[in-house]
$ cat final_27.cif   # mmCIF, N, CA and C atoms
data_entry
loop_
_atom_site.label_atom_id
_atom_site.label_comp_id
_atom_site.auth_asym_id
_atom_site.auth_seq_id
_atom_site.Cartn_x
_atom_site.Cartn_y
_atom_site.Cartn_z
N ARG B 1 -16.40 -9.63 -3.19
CA ARG B 1 -16.77 -10.79 -3.97
C ARG B 1 -15.59 -11.28 -4.79
N TRP B 2 -14.92 -10.35 -5.48
CA TRP B 2 -13.75 -10.74 -6.27
C TRP B 2 -12.61 -11.20 -5.36
N PHE B 3 -12.48 -10.54 -4.21
CA PHE B 3 -11.37 -10.87 -3.32
C PHE B 3 -11.50 -12.27 -2.76
N ALA B 4 -12.71 -12.78 -2.64
CA ALA B 4 -12.93 -14.12 -2.11
C ALA B 4 -12.29 -15.18 -3.01
N SER B 5 -12.09 -14.86 -4.29
CA SER B 5 -11.52 -15.83 -5.20
C SER B 5 -9.98 -15.87 -5.13
N TYR B 6 -9.38 -14.92 -4.41
CA TYR B 6 -7.92 -14.90 -4.29
C TYR B 6 -7.46 -15.73 -3.11
N PRO B 7 -6.33 -16.44 -3.27
CA PRO B 7 -5.74 -17.14 -2.13
C PRO B 7 -5.25 -16.13 -1.09
N ALA B 8 -4.90 -16.61 0.09
CA ALA B 8 -4.39 -15.73 1.15
C ALA B 8 -3.22 -14.91 0.60
N HIS B 9 -3.27 -13.60 0.83
CA HIS B 9 -2.24 -12.72 0.30
C HIS B 9 -2.13 -11.45 1.14
N GLU B 10 -1.10 -10.68 0.90
CA GLU B 10 -0.93 -9.38 1.55
C GLU B 10 -0.60 -8.35 0.49
N VAL B 11 -1.36 -7.25 0.49
CA VAL B 11 -1.05 -6.13 -0.39
C VAL B 11 -0.11 -5.23 0.41
N VAL B 12 1.11 -5.07 -0.09
CA VAL B 12 2.15 -4.32 0.63
C VAL B 12 2.23 -2.91 0.09
N GLY B 13 2.16 -1.95 1.00
CA GLY B 13 2.25 -0.55 0.61
C GLY B 13 3.67 -0.04 0.58
N MET B 14 3.85 1.11 -0.08
CA MET B 14 5.17 1.77 -0.08
C MET B 14 5.55 2.02 1.37
N PRO B 15 6.68 1.49 1.81
CA PRO B 15 7.07 1.68 3.21
C PRO B 15 7.63 3.08 3.46
N SER B 16 7.51 3.52 4.69
CA SER B 16 8.16 4.75 5.11
C SER B 16 9.50 4.32 5.70
N LEU B 17 10.56 4.54 4.96
CA LEU B 17 11.88 4.02 5.34
C LEU B 17 12.71 5.01 6.14
N SER B 18 12.13 6.17 6.45
CA SER B 18 12.79 7.14 7.33
C SER B 18 11.70 7.96 8.00
N PRO B 19 12.02 8.62 9.09
CA PRO B 19 11.00 9.39 9.81
C PRO B 19 10.36 10.51 8.99
N THR B 20 11.07 11.04 8.01
CA THR B 20 10.54 12.15 7.22
C THR B 20 10.03 11.74 5.84
N MET B 21 10.13 10.46 5.51
CA MET B 21 9.74 10.01 4.18
C MET B 21 8.22 10.06 3.99
N GLU B 22 7.77 10.75 2.94
CA GLU B 22 6.35 10.83 2.60
C GLU B 22 6.04 10.09 1.31
N SER B 23 7.05 9.93 0.45
CA SER B 23 6.88 9.21 -0.80
C SER B 23 8.23 8.71 -1.27
N GLY B 24 8.21 7.82 -2.25
CA GLY B 24 9.45 7.29 -2.80
C GLY B 24 9.20 6.67 -4.16
N THR B 25 10.29 6.28 -4.82
CA THR B 25 10.23 5.65 -6.13
C THR B 25 10.90 4.29 -6.03
N VAL B 26 10.22 3.24 -6.52
CA VAL B 26 10.87 1.93 -6.58
C VAL B 26 11.89 2.06 -7.71
N SER B 27 13.17 2.10 -7.35
CA SER B 27 14.20 2.27 -8.37
C SER B 27 14.60 0.95 -9.00
N GLU B 28 14.45 -0.16 -8.22
CA GLU B 28 14.80 -1.48 -8.76
C GLU B 28 14.12 -2.57 -7.95
N TRP B 29 13.49 -3.51 -8.66
CA TRP B 29 12.94 -4.70 -8.00
C TRP B 29 14.06 -5.73 -7.92
N ILE B 30 14.43 -6.17 -6.73
CA ILE B 30 15.46 -7.19 -6.54
C ILE B 30 14.83 -8.58 -6.64
N VAL B 31 13.63 -8.74 -6.05
CA VAL B 31 12.93 -10.01 -6.08
C VAL B 31 11.88 -9.94 -7.20
N ALA B 32 12.00 -10.83 -8.17
CA ALA B 32 11.10 -10.86 -9.33
C ALA B 32 9.75 -11.46 -8.96
N GLU B 33 8.73 -11.17 -9.77
CA GLU B 33 7.42 -11.79 -9.58
C GLU B 33 7.59 -13.30 -9.66
N GLY B 34 6.96 -14.01 -8.73
CA GLY B 34 7.04 -15.47 -8.71
C GLY B 34 8.22 -16.01 -7.91
N SER B 35 9.10 -15.10 -7.46
CA SER B 35 10.27 -15.54 -6.69
C SER B 35 10.01 -15.43 -5.19
N SER B 36 10.62 -16.36 -4.46
CA SER B 36 10.46 -16.35 -3.01
C SER B 36 11.54 -15.50 -2.36
N PHE B 37 11.26 -15.08 -1.11
CA PHE B 37 12.22 -14.29 -0.35
C PHE B 37 12.14 -14.72 1.11
N ALA B 38 13.20 -14.44 1.85
CA ALA B 38 13.25 -14.76 3.27
C ALA B 38 13.30 -13.46 4.08
N ALA B 39 12.91 -13.54 5.33
CA ALA B 39 12.97 -12.38 6.21
C ALA B 39 14.38 -11.81 6.20
N GLY B 40 14.48 -10.49 6.03
CA GLY B 40 15.77 -9.83 6.01
C GLY B 40 16.34 -9.62 4.61
N GLU B 41 15.79 -10.33 3.60
CA GLU B 41 16.26 -10.14 2.22
C GLU B 41 15.73 -8.83 1.66
N VAL B 42 16.50 -8.22 0.76
CA VAL B 42 16.08 -6.99 0.10
C VAL B 42 15.11 -7.33 -1.02
N ILE B 43 13.91 -6.73 -0.97
CA ILE B 43 12.89 -6.97 -2.01
C ILE B 43 13.05 -5.97 -3.15
N CYS B 44 13.30 -4.70 -2.78
CA CYS B 44 13.48 -3.67 -3.79
C CYS B 44 14.28 -2.52 -3.22
N SER B 45 14.78 -1.67 -4.10
CA SER B 45 15.46 -0.44 -3.70
C SER B 45 14.48 0.70 -3.89
N VAL B 46 14.39 1.57 -2.89
CA VAL B 46 13.47 2.70 -2.93
C VAL B 46 14.26 4.00 -2.87
N GLU B 47 14.03 4.86 -3.85
CA GLU B 47 14.69 6.16 -3.90
C GLU B 47 13.81 7.18 -3.21
N THR B 48 14.38 7.85 -2.20
CA THR B 48 13.66 8.92 -1.50
C THR B 48 14.26 10.25 -1.94
N ASP B 49 13.79 11.33 -1.34
CA ASP B 49 14.34 12.63 -1.71
C ASP B 49 15.78 12.80 -1.21
N LYS B 50 16.22 11.92 -0.29
CA LYS B 50 17.56 12.06 0.29
C LYS B 50 18.53 10.93 -0.06
N ALA B 51 18.01 9.73 -0.32
CA ALA B 51 18.90 8.58 -0.54
C ALA B 51 18.14 7.43 -1.18
N THR B 52 18.89 6.41 -1.60
CA THR B 52 18.28 5.17 -2.06
C THR B 52 18.45 4.15 -0.93
N VAL B 53 17.31 3.58 -0.51
CA VAL B 53 17.28 2.72 0.66
C VAL B 53 16.73 1.35 0.26
N ASP B 54 17.27 0.28 0.87
CA ASP B 54 16.77 -1.07 0.61
C ASP B 54 15.53 -1.34 1.44
N PHE B 55 14.50 -1.94 0.82
CA PHE B 55 13.29 -2.37 1.51
C PHE B 55 13.46 -3.85 1.79
N GLU B 56 13.62 -4.20 3.06
CA GLU B 56 13.86 -5.58 3.46
C GLU B 56 12.57 -6.27 3.89
N ALA B 57 12.45 -7.54 3.56
CA ALA B 57 11.29 -8.34 3.93
C ALA B 57 11.25 -8.55 5.44
N GLN B 58 10.06 -8.49 6.01
CA GLN B 58 9.90 -8.74 7.44
C GLN B 58 9.64 -10.22 7.71
N ASP B 59 9.08 -10.90 6.72
CA ASP B 59 8.73 -12.32 6.84
C ASP B 59 9.12 -13.05 5.56
N ASP B 60 9.05 -14.38 5.58
CA ASP B 60 9.26 -15.18 4.37
C ASP B 60 8.01 -15.08 3.50
N GLY B 61 8.18 -15.21 2.19
CA GLY B 61 7.03 -15.18 1.30
C GLY B 61 7.43 -15.28 -0.15
N VAL B 62 6.47 -15.01 -1.03
CA VAL B 62 6.67 -15.05 -2.48
C VAL B 62 6.05 -13.79 -3.06
N VAL B 63 6.76 -13.11 -3.96
CA VAL B 63 6.19 -11.94 -4.63
C VAL B 63 5.25 -12.45 -5.71
N ALA B 64 3.95 -12.16 -5.55
CA ALA B 64 2.95 -12.60 -6.52
C ALA B 64 2.85 -11.61 -7.67
N LYS B 65 2.94 -10.31 -7.35
CA LYS B 65 2.79 -9.30 -8.39
C LYS B 65 3.38 -7.97 -7.95
N HIS B 66 4.11 -7.34 -8.87
CA HIS B 66 4.56 -5.95 -8.68
C HIS B 66 3.41 -5.08 -9.14
N LEU B 67 2.96 -4.15 -8.32
CA LEU B 67 1.85 -3.27 -8.70
C LEU B 67 2.34 -1.97 -9.31
N VAL B 68 3.64 -1.70 -9.19
CA VAL B 68 4.25 -0.52 -9.82
C VAL B 68 5.53 -0.96 -10.53
N GLU B 69 5.84 -0.29 -11.61
CA GLU B 69 7.07 -0.58 -12.35
C GLU B 69 8.23 0.18 -11.71
N ALA B 70 9.41 -0.38 -11.76
CA ALA B 70 10.60 0.31 -11.28
C ALA B 70 10.78 1.59 -12.08
N GLY B 71 11.07 2.68 -11.38
CA GLY B 71 11.30 3.96 -12.04
C GLY B 71 10.04 4.67 -12.49
N SER B 72 8.87 4.24 -12.02
CA SER B 72 7.60 4.83 -12.50
C SER B 72 7.23 6.13 -11.81
N GLY B 73 8.06 6.63 -10.91
CA GLY B 73 7.78 7.93 -10.29
C GLY B 73 7.45 7.84 -8.82
N GLU B 74 7.22 9.01 -8.22
CA GLU B 74 6.95 9.12 -6.79
C GLU B 74 5.65 8.42 -6.41
N ILE B 75 5.70 7.65 -5.34
CA ILE B 75 4.55 6.92 -4.84
C ILE B 75 4.40 7.29 -3.36
N PRO B 76 3.24 7.79 -2.94
CA PRO B 76 3.05 8.14 -1.53
C PRO B 76 3.17 6.90 -0.64
N CYS B 77 3.71 7.08 0.56
CA CYS B 77 3.83 5.98 1.51
C CYS B 77 2.45 5.40 1.78
N GLY B 78 2.38 4.08 1.83
CA GLY B 78 1.12 3.39 2.06
C GLY B 78 0.42 2.94 0.78
N THR B 79 0.77 3.53 -0.36
CA THR B 79 0.16 3.14 -1.63
C THR B 79 0.65 1.75 -2.00
N PRO B 80 -0.25 0.84 -2.39
CA PRO B 80 0.15 -0.54 -2.72
C PRO B 80 1.23 -0.60 -3.81
N ILE B 81 2.31 -1.38 -3.53
CA ILE B 81 3.38 -1.54 -4.53
C ILE B 81 3.55 -3.00 -4.96
N MET B 82 3.07 -3.96 -4.12
CA MET B 82 3.21 -5.36 -4.51
C MET B 82 2.24 -6.22 -3.71
N VAL B 83 2.06 -7.45 -4.20
CA VAL B 83 1.25 -8.44 -3.51
C VAL B 83 2.17 -9.62 -3.18
N THR B 84 2.10 -10.09 -1.94
CA THR B 84 2.89 -11.25 -1.55
C THR B 84 1.95 -12.38 -1.11
N VAL B 85 2.41 -13.62 -1.29
CA VAL B 85 1.68 -14.82 -0.87
C VAL B 85 2.66 -15.73 -0.14
N GLU B 86 2.12 -16.76 0.49
CA GLU B 86 2.97 -17.70 1.21
C GLU B 86 3.42 -18.87 0.35
N GLU B 87 2.61 -19.23 -0.65
CA GLU B 87 2.90 -20.39 -1.47
C GLU B 87 3.14 -20.01 -2.92
N GLU B 88 4.20 -20.54 -3.54
CA GLU B 88 4.49 -20.25 -4.95
C GLU B 88 3.33 -20.62 -5.87
N GLY B 89 2.59 -21.66 -5.52
CA GLY B 89 1.47 -22.10 -6.33
C GLY B 89 0.33 -21.09 -6.42
N ASP B 90 0.32 -20.10 -5.53
CA ASP B 90 -0.75 -19.10 -5.52
C ASP B 90 -0.44 -17.91 -6.43
N VAL B 91 0.77 -17.79 -6.93
CA VAL B 91 1.20 -16.63 -7.72
C VAL B 91 0.32 -16.39 -8.94
N SER B 92 0.00 -17.45 -9.68
CA SER B 92 -0.75 -17.29 -10.93
C SER B 92 -2.14 -16.68 -10.73
N ALA B 93 -2.71 -16.81 -9.55
CA ALA B 93 -4.04 -16.26 -9.28
C ALA B 93 -4.03 -14.73 -9.30
N PHE B 94 -2.84 -14.12 -9.19
CA PHE B 94 -2.74 -12.66 -9.10
C PHE B 94 -2.27 -12.00 -10.40
N LYS B 95 -2.27 -12.77 -11.48
CA LYS B 95 -1.81 -12.26 -12.77
C LYS B 95 -2.50 -10.96 -13.16
N ASP B 96 -3.82 -10.88 -12.97
CA ASP B 96 -4.59 -9.70 -13.37
C ASP B 96 -5.05 -8.86 -12.17
N PHE B 97 -4.42 -9.07 -11.02
CA PHE B 97 -4.81 -8.35 -9.79
C PHE B 97 -4.57 -6.85 -9.93
N VAL B 98 -5.53 -6.06 -9.48
CA VAL B 98 -5.40 -4.60 -9.45
C VAL B 98 -5.76 -4.15 -8.05
N ALA B 99 -4.91 -3.36 -7.42
CA ALA B 99 -5.18 -2.87 -6.07
C ALA B 99 -6.19 -1.73 -6.11
N GLU B 100 -6.99 -1.64 -5.07
CA GLU B 100 -7.94 -0.54 -4.93
C GLU B 100 -7.20 0.65 -4.32
N ILE B 101 -6.67 1.52 -5.15
CA ILE B 101 -5.86 2.64 -4.68
C ILE B 101 -6.73 3.85 -4.33
N LEU B 102 -7.91 4.00 -4.91
CA LEU B 102 -8.71 5.19 -4.73
C LEU B 102 -9.47 5.24 -3.41
N GLU B 103 -9.62 4.15 -2.70
CA GLU B 103 -10.39 4.16 -1.47
C GLU B 103 -9.88 5.13 -0.42
N PRO B 104 -8.59 5.21 -0.08
CA PRO B 104 -8.15 6.17 0.93
C PRO B 104 -8.44 7.61 0.53
N GLU B 105 -8.31 7.95 -0.75
CA GLU B 105 -8.58 9.31 -1.20
C GLU B 105 -10.07 9.61 -1.07
N ALA B 106 -10.92 8.66 -1.34
CA ALA B 106 -12.36 8.87 -1.25
C ALA B 106 -12.79 9.06 0.20
N ALA B 107 -12.05 8.48 1.13
CA ALA B 107 -12.40 8.59 2.54
C ALA B 107 -11.96 9.94 3.12
N ALA B 108 -11.02 10.62 2.52
CA ALA B 108 -10.50 11.87 3.06
C ALA B 108 -11.52 13.02 3.08
N PRO B 109 -12.28 13.29 2.01
CA PRO B 109 -13.20 14.43 2.04
C PRO B 109 -14.24 14.38 3.15
N PRO B 110 -14.90 13.25 3.47
CA PRO B 110 -15.87 13.26 4.57
C PRO B 110 -15.24 13.67 5.90
N ALA B 111 -14.00 13.33 6.14
CA ALA B 111 -13.34 13.71 7.38
C ALA B 111 -13.23 15.22 7.49
N VAL B 112 -13.08 15.92 6.37
CA VAL B 112 -13.00 17.37 6.37
C VAL B 112 -14.37 17.98 6.61
N GLU B 113 -15.44 17.34 6.13
CA GLU B 113 -16.79 17.85 6.29
C GLU B 113 -17.34 17.63 7.70
N ALA B 114 -16.84 16.68 8.43
CA ALA B 114 -17.39 16.35 9.74
C ALA B 114 -17.25 17.48 10.77
N PRO B 115 -16.11 18.17 10.92
CA PRO B 115 -16.00 19.21 11.96
C PRO B 115 -17.03 20.34 11.83
N PRO B 116 -17.36 20.86 10.64
CA PRO B 116 -18.38 21.92 10.59
C PRO B 116 -19.74 21.44 11.12
N ALA B 117 -20.10 20.19 10.95
CA ALA B 117 -21.37 19.67 11.43
C ALA B 117 -21.41 19.67 12.96
N VAL B 118 -20.26 19.53 13.60
CA VAL B 118 -20.19 19.50 15.05
C VAL B 118 -20.31 20.92 15.62
N ALA B 119 -19.77 21.92 14.97
CA ALA B 119 -19.74 23.29 15.48
C ALA B 119 -21.13 23.87 15.72
N PRO B 120 -22.12 23.74 14.82
CA PRO B 120 -23.43 24.34 15.07
C PRO B 120 -24.19 23.71 16.24
N THR B 121 -23.90 22.48 16.59
CA THR B 121 -24.65 21.80 17.64
C THR B 121 -24.59 22.53 18.99
N PRO B 122 -23.43 23.02 19.46
CA PRO B 122 -23.40 23.71 20.77
C PRO B 122 -24.20 25.01 20.77
N SER B 123 -24.30 25.72 19.67
CA SER B 123 -25.01 26.99 19.64
C SER B 123 -26.49 26.84 20.01
N PRO B 124 -27.24 25.92 19.39
CA PRO B 124 -28.65 25.77 19.78
C PRO B 124 -28.80 25.34 21.23
N VAL B 125 -27.86 24.54 21.74
CA VAL B 125 -27.93 24.13 23.14
C VAL B 125 -27.79 25.33 24.04
N ALA B 126 -26.86 26.24 23.73
CA ALA B 126 -26.66 27.45 24.52
C ALA B 126 -27.89 28.34 24.44
N ALA B 127 -28.49 28.46 23.26
CA ALA B 127 -29.69 29.29 23.11
C ALA B 127 -30.85 28.71 23.89
N ALA B 128 -30.99 27.41 23.90
CA ALA B 128 -32.08 26.76 24.63
C ALA B 128 -31.90 26.96 26.12
N ALA B 129 -30.67 26.94 26.59
CA ALA B 129 -30.41 27.10 28.02
C ALA B 129 -30.74 28.52 28.48
N SER B 130 -30.50 29.53 27.65
CA SER B 130 -30.76 30.90 28.05
C SER B 130 -32.25 31.24 28.00
N SER B 131 -33.04 30.53 27.18
CA SER B 131 -34.46 30.84 27.09
C SER B 131 -35.26 30.05 28.12
N GLY B 132 -34.64 29.05 28.79
CA GLY B 132 -35.39 28.20 29.70
C GLY B 132 -35.23 28.61 31.06
#
$ encode --input "final_27.cif" --output "structure tokens"
Amino acid sequence: RWFASYPAHEVVGMPSLSPTMESGTVSEWIVAEGSSFAAGEVICSVETDKATVDFEAQDDGVVAKHLVEAGSGEIPCGTPIMVTVEEEGDVSAFKDFVAEILEPEAAAPPAVEAPPAVAPTPSPVAAAASSG
């Protein structure tokens, strides 16, 4: 319901900038909120456990909101770090935007509970086959 009031946008997660990267720290925002960028431009610098790497834009756009402050600590890959839009006029709509970060964590526990539910099912089938 709240999302319907936002203009077209993309919530961008912390990128995995190397094959082994699991988390990183935004060390510096190069593109400020409200500023536009072109494909190939550096949006921010990301510090990993091995190096500081530039995060380059894949498409043209405008940074509507930084969701994390530079230097705020380790952020797991995929965690939202910014919101981008296509039009500069849409930036103000995201002034109070907050990303839903807890949803992926809430989805993880049911996945762990599912395998035990599958294991008991074959046992009754085997018992039924031997009694019939």
$ atom_distance --input "final_27.cif" --atom1 "atom CA of Thr25 of chain B" --atom2 "atom CA of Tyr6 of chain B"
27.5 Å
$ atom_distance --input "final_27.cif" --atom1 "atom CA of Ser35 of chain B" --atom2 "atom CA of Val68 of chain B"
16.5 Å
$ resolve_selection --input "final_27.cif" --expression "the PyMOL selection byres (((chain B and resi 86 and name CA) around 9) and name CA)" --output "JSON, numbers by chain"
{"B": [8, 9, 36, 60, 61, 62, 63, 84, 85, 87, 88, 89, 90]}
$ closest_residue --input "final_27.cif" --among "B:Asp49, B:Glu56, B:Glu22, B:Glu74" --to "Phe37 of chain B" --atoms "only C-alpha atoms"
B:Glu56
$ resolve_selection --input "final_27.cif" --expression "the PyMOL selection byres (((chain B and resi 65 and name CA) around 6) and name CA)" --output "ChimeraX atom specification"
/B:33,63-64,66,82-83
$ resolve_selection --input "final_27.cif" --expression "the PyMOL selection byres (((chain B and resi 14 and name CA) around 6) and name CA)" --output "PDB file with N, CA and C atoms, keeping the file's coordinate frame"
ATOM      1  N   GLY B  13       2.160  -1.950   1.000  1.00  0.00           N
ATOM      2  CA  GLY B  13       2.250  -0.550   0.610  1.00  0.00           C
ATOM      3  C   GLY B  13       3.670  -0.040   0.580  1.00  0.00           C
ATOM      4  N   PRO B  15       6.680   1.490   1.810  1.00  0.00           N
ATOM      5  CA  PRO B  15       7.070   1.680   3.210  1.00  0.00           C
ATOM      6  C   PRO B  15       7.630   3.080   3.460  1.00  0.00           C
ATOM      7  N   CYS B  77       3.710   7.080   0.560  1.00  0.00           N
ATOM      8  CA  CYS B  77       3.830   5.980   1.510  1.00  0.00           C
ATOM      9  C   CYS B  77       2.450   5.400   1.780  1.00  0.00           C
ATOM     10  N   GLY B  78       2.380   4.080   1.830  1.00  0.00           N
ATOM     11  CA  GLY B  78       1.120   3.390   2.060  1.00  0.00           C
ATOM     12  C   GLY B  78       0.420   2.940   0.780  1.00  0.00           C
ATOM     13  N   THR B  79       0.770   3.530  -0.360  1.00  0.00           N
ATOM     14  CA  THR B  79       0.160   3.140  -1.630  1.00  0.00           C
ATOM     15  C   THR B  79       0.650   1.750  -2.000  1.00  0.00           C
ATOM     16  N   ILE B  81       2.310  -1.380  -3.530  1.00  0.00           N
ATOM     17  CA  ILE B  81       3.380  -1.540  -4.530  1.00  0.00           C
ATOM     18  C   ILE B  81       3.550  -3.000  -4.960  1.00  0.00           C
TER      19      ILE B  81
END
$ decode --input "final_27.cif" --residues "segment 61-84 of chain B" --atoms "N, CA and C atoms" --output "JSON list (two decimals), in the first residue's frame"
[["chain", "number", "residue", "atom", "x", "y", "z"],
["B", 61, "GLY", "N", 20.78, 6.87, -14.17],
["B", 61, "GLY", "CA", 19.75, 7.07, -13.17],
["B", 61, "GLY", "C", 20.07, 8.22, -12.25],
["B", 62, "VAL", "N", 19.32, 8.31, -11.16],
["B", 62, "VAL", "CA", 19.48, 9.35, -10.15],
["B", 62, "VAL", "C", 19.45, 8.68, -8.78],
["B", 63, "VAL", "N", 20.38, 9.03, -7.90],
["B", 63, "VAL", "CA", 20.36, 8.49, -6.54],
["B", 63, "VAL", "C", 19.28, 9.25, -5.76],
["B", 64, "ALA", "N", 18.23, 8.53, -5.36],
["B", 64, "ALA", "CA", 17.14, 9.16, -4.62],
["B", 64, "ALA", "C", 17.46, 9.20, -3.13],
["B", 65, "LYS", "N", 18.09, 8.13, -2.61],
["B", 65, "LYS", "CA", 18.38, 8.08, -1.18],
["B", 65, "LYS", "C", 19.48, 7.07, -0.89],
["B", 66, "HIS", "N", 20.41, 7.47, -0.02],
["B", 66, "HIS", "CA", 21.39, 6.54, 0.53],
["B", 66, "HIS", "C", 20.72, 5.88, 1.72],
["B", 67, "LEU", "N", 20.70, 4.57, 1.79],
["B", 67, "LEU", "CA", 20.06, 3.86, 2.90],
["B", 67, "LEU", "C", 21.05, 3.52, 4.00],
["B", 68, "VAL", "N", 22.35, 3.68, 3.71],
["B", 68, "VAL", "CA", 23.39, 3.48, 4.72],
["B", 68, "VAL", "C", 24.37, 4.64, 4.64],
["B", 69, "GLU", "N", 24.94, 5.00, 5.77],
["B", 69, "GLU", "CA", 25.93, 6.07, 5.81],
["B", 69, "GLU", "C", 27.30, 5.50, 5.47],
["B", 70, "ALA", "N", 28.14, 6.29, 4.84],
["B", 70, "ALA", "CA", 29.51, 5.87, 4.56],
["B", 70, "ALA", "C", 30.21, 5.58, 5.88],
["B", 71, "GLY", "N", 30.93, 4.47, 5.92],
["B", 71, "GLY", "CA", 31.67, 4.10, 7.11],
["B", 71, "GLY", "C", 30.83, 3.52, 8.23],
["B", 72, "SER", "N", 29.59, 3.13, 7.94],
["B", 72, "SER", "CA", 28.69, 2.64, 9.00],
["B", 72, "SER", "C", 28.90, 1.18, 9.37],
["B", 73, "GLY", "N", 29.86, 0.50, 8.75],
["B", 73, "GLY", "CA", 30.15, -0.88, 9.14],
["B", 73, "GLY", "C", 29.81, -1.89, 8.06],
["B", 74, "GLU", "N", 30.10, -3.15, 8.38],
["B", 74, "GLU", "CA", 29.89, -4.26, 7.45],
["B", 74, "GLU", "C", 28.42, -4.43, 7.10],
["B", 75, "ILE", "N", 28.15, -4.60, 5.82],
["B", 75, "ILE", "CA", 26.79, -4.80, 5.32],
["B", 75, "ILE", "C", 26.81, -6.06, 4.47],
["B", 76, "PRO", "N", 25.97, -7.05, 4.78],
["B", 76, "PRO", "CA", 25.94, -8.27, 3.97],
["B", 76, "PRO", "C", 25.54, -7.98, 2.53],
["B", 77, "CYS", "N", 26.10, -8.72, 1.58],
["B", 77, "CYS", "CA", 25.74, -8.55, 0.17],
["B", 77, "CYS", "C", 24.24, -8.77, 0.01],
["B", 78, "GLY", "N", 23.63, -7.92, -0.79],
["B", 78, "GLY", "CA", 22.20, -8.00, -1.03],
["B", 78, "GLY", "C", 21.37, -7.07, -0.15],
["B", 79, "THR", "N", 21.94, -6.62, 0.97],
["B", 79, "THR", "CA", 21.22, -5.71, 1.86],
["B", 79, "THR", "C", 21.08, -4.36, 1.18],
["B", 80, "PRO", "N", 19.88, -3.77, 1.18],
["B", 80, "PRO", "CA", 19.67, -2.48, 0.50],
["B", 80, "PRO", "C", 20.62, -1.38, 0.98],
["B", 81, "ILE", "N", 21.27, -0.69, 0.01],
["B", 81, "ILE", "CA", 22.17, 0.42, 0.36],
["B", 81, "ILE", "C", 21.71, 1.75, -0.22],
["B", 82, "MET", "N", 20.88, 1.71, -1.29],
["B", 82, "MET", "CA", 20.41, 2.97, -1.88],
["B", 82, "MET", "C", 19.17, 2.72, -2.72],
["B", 83, "VAL", "N", 18.50, 3.82, -3.04],
["B", 83, "VAL", "CA", 17.34, 3.80, -3.93],
["B", 83, "VAL", "C", 17.68, 4.67, -5.13],
["B", 84, "THR", "N", 17.42, 4.16, -6.33],
["B", 84, "THR", "CA", 17.65, 4.94, -7.53],
["B", 84, "THR", "C", 16.32, 5.13, -8.28]]
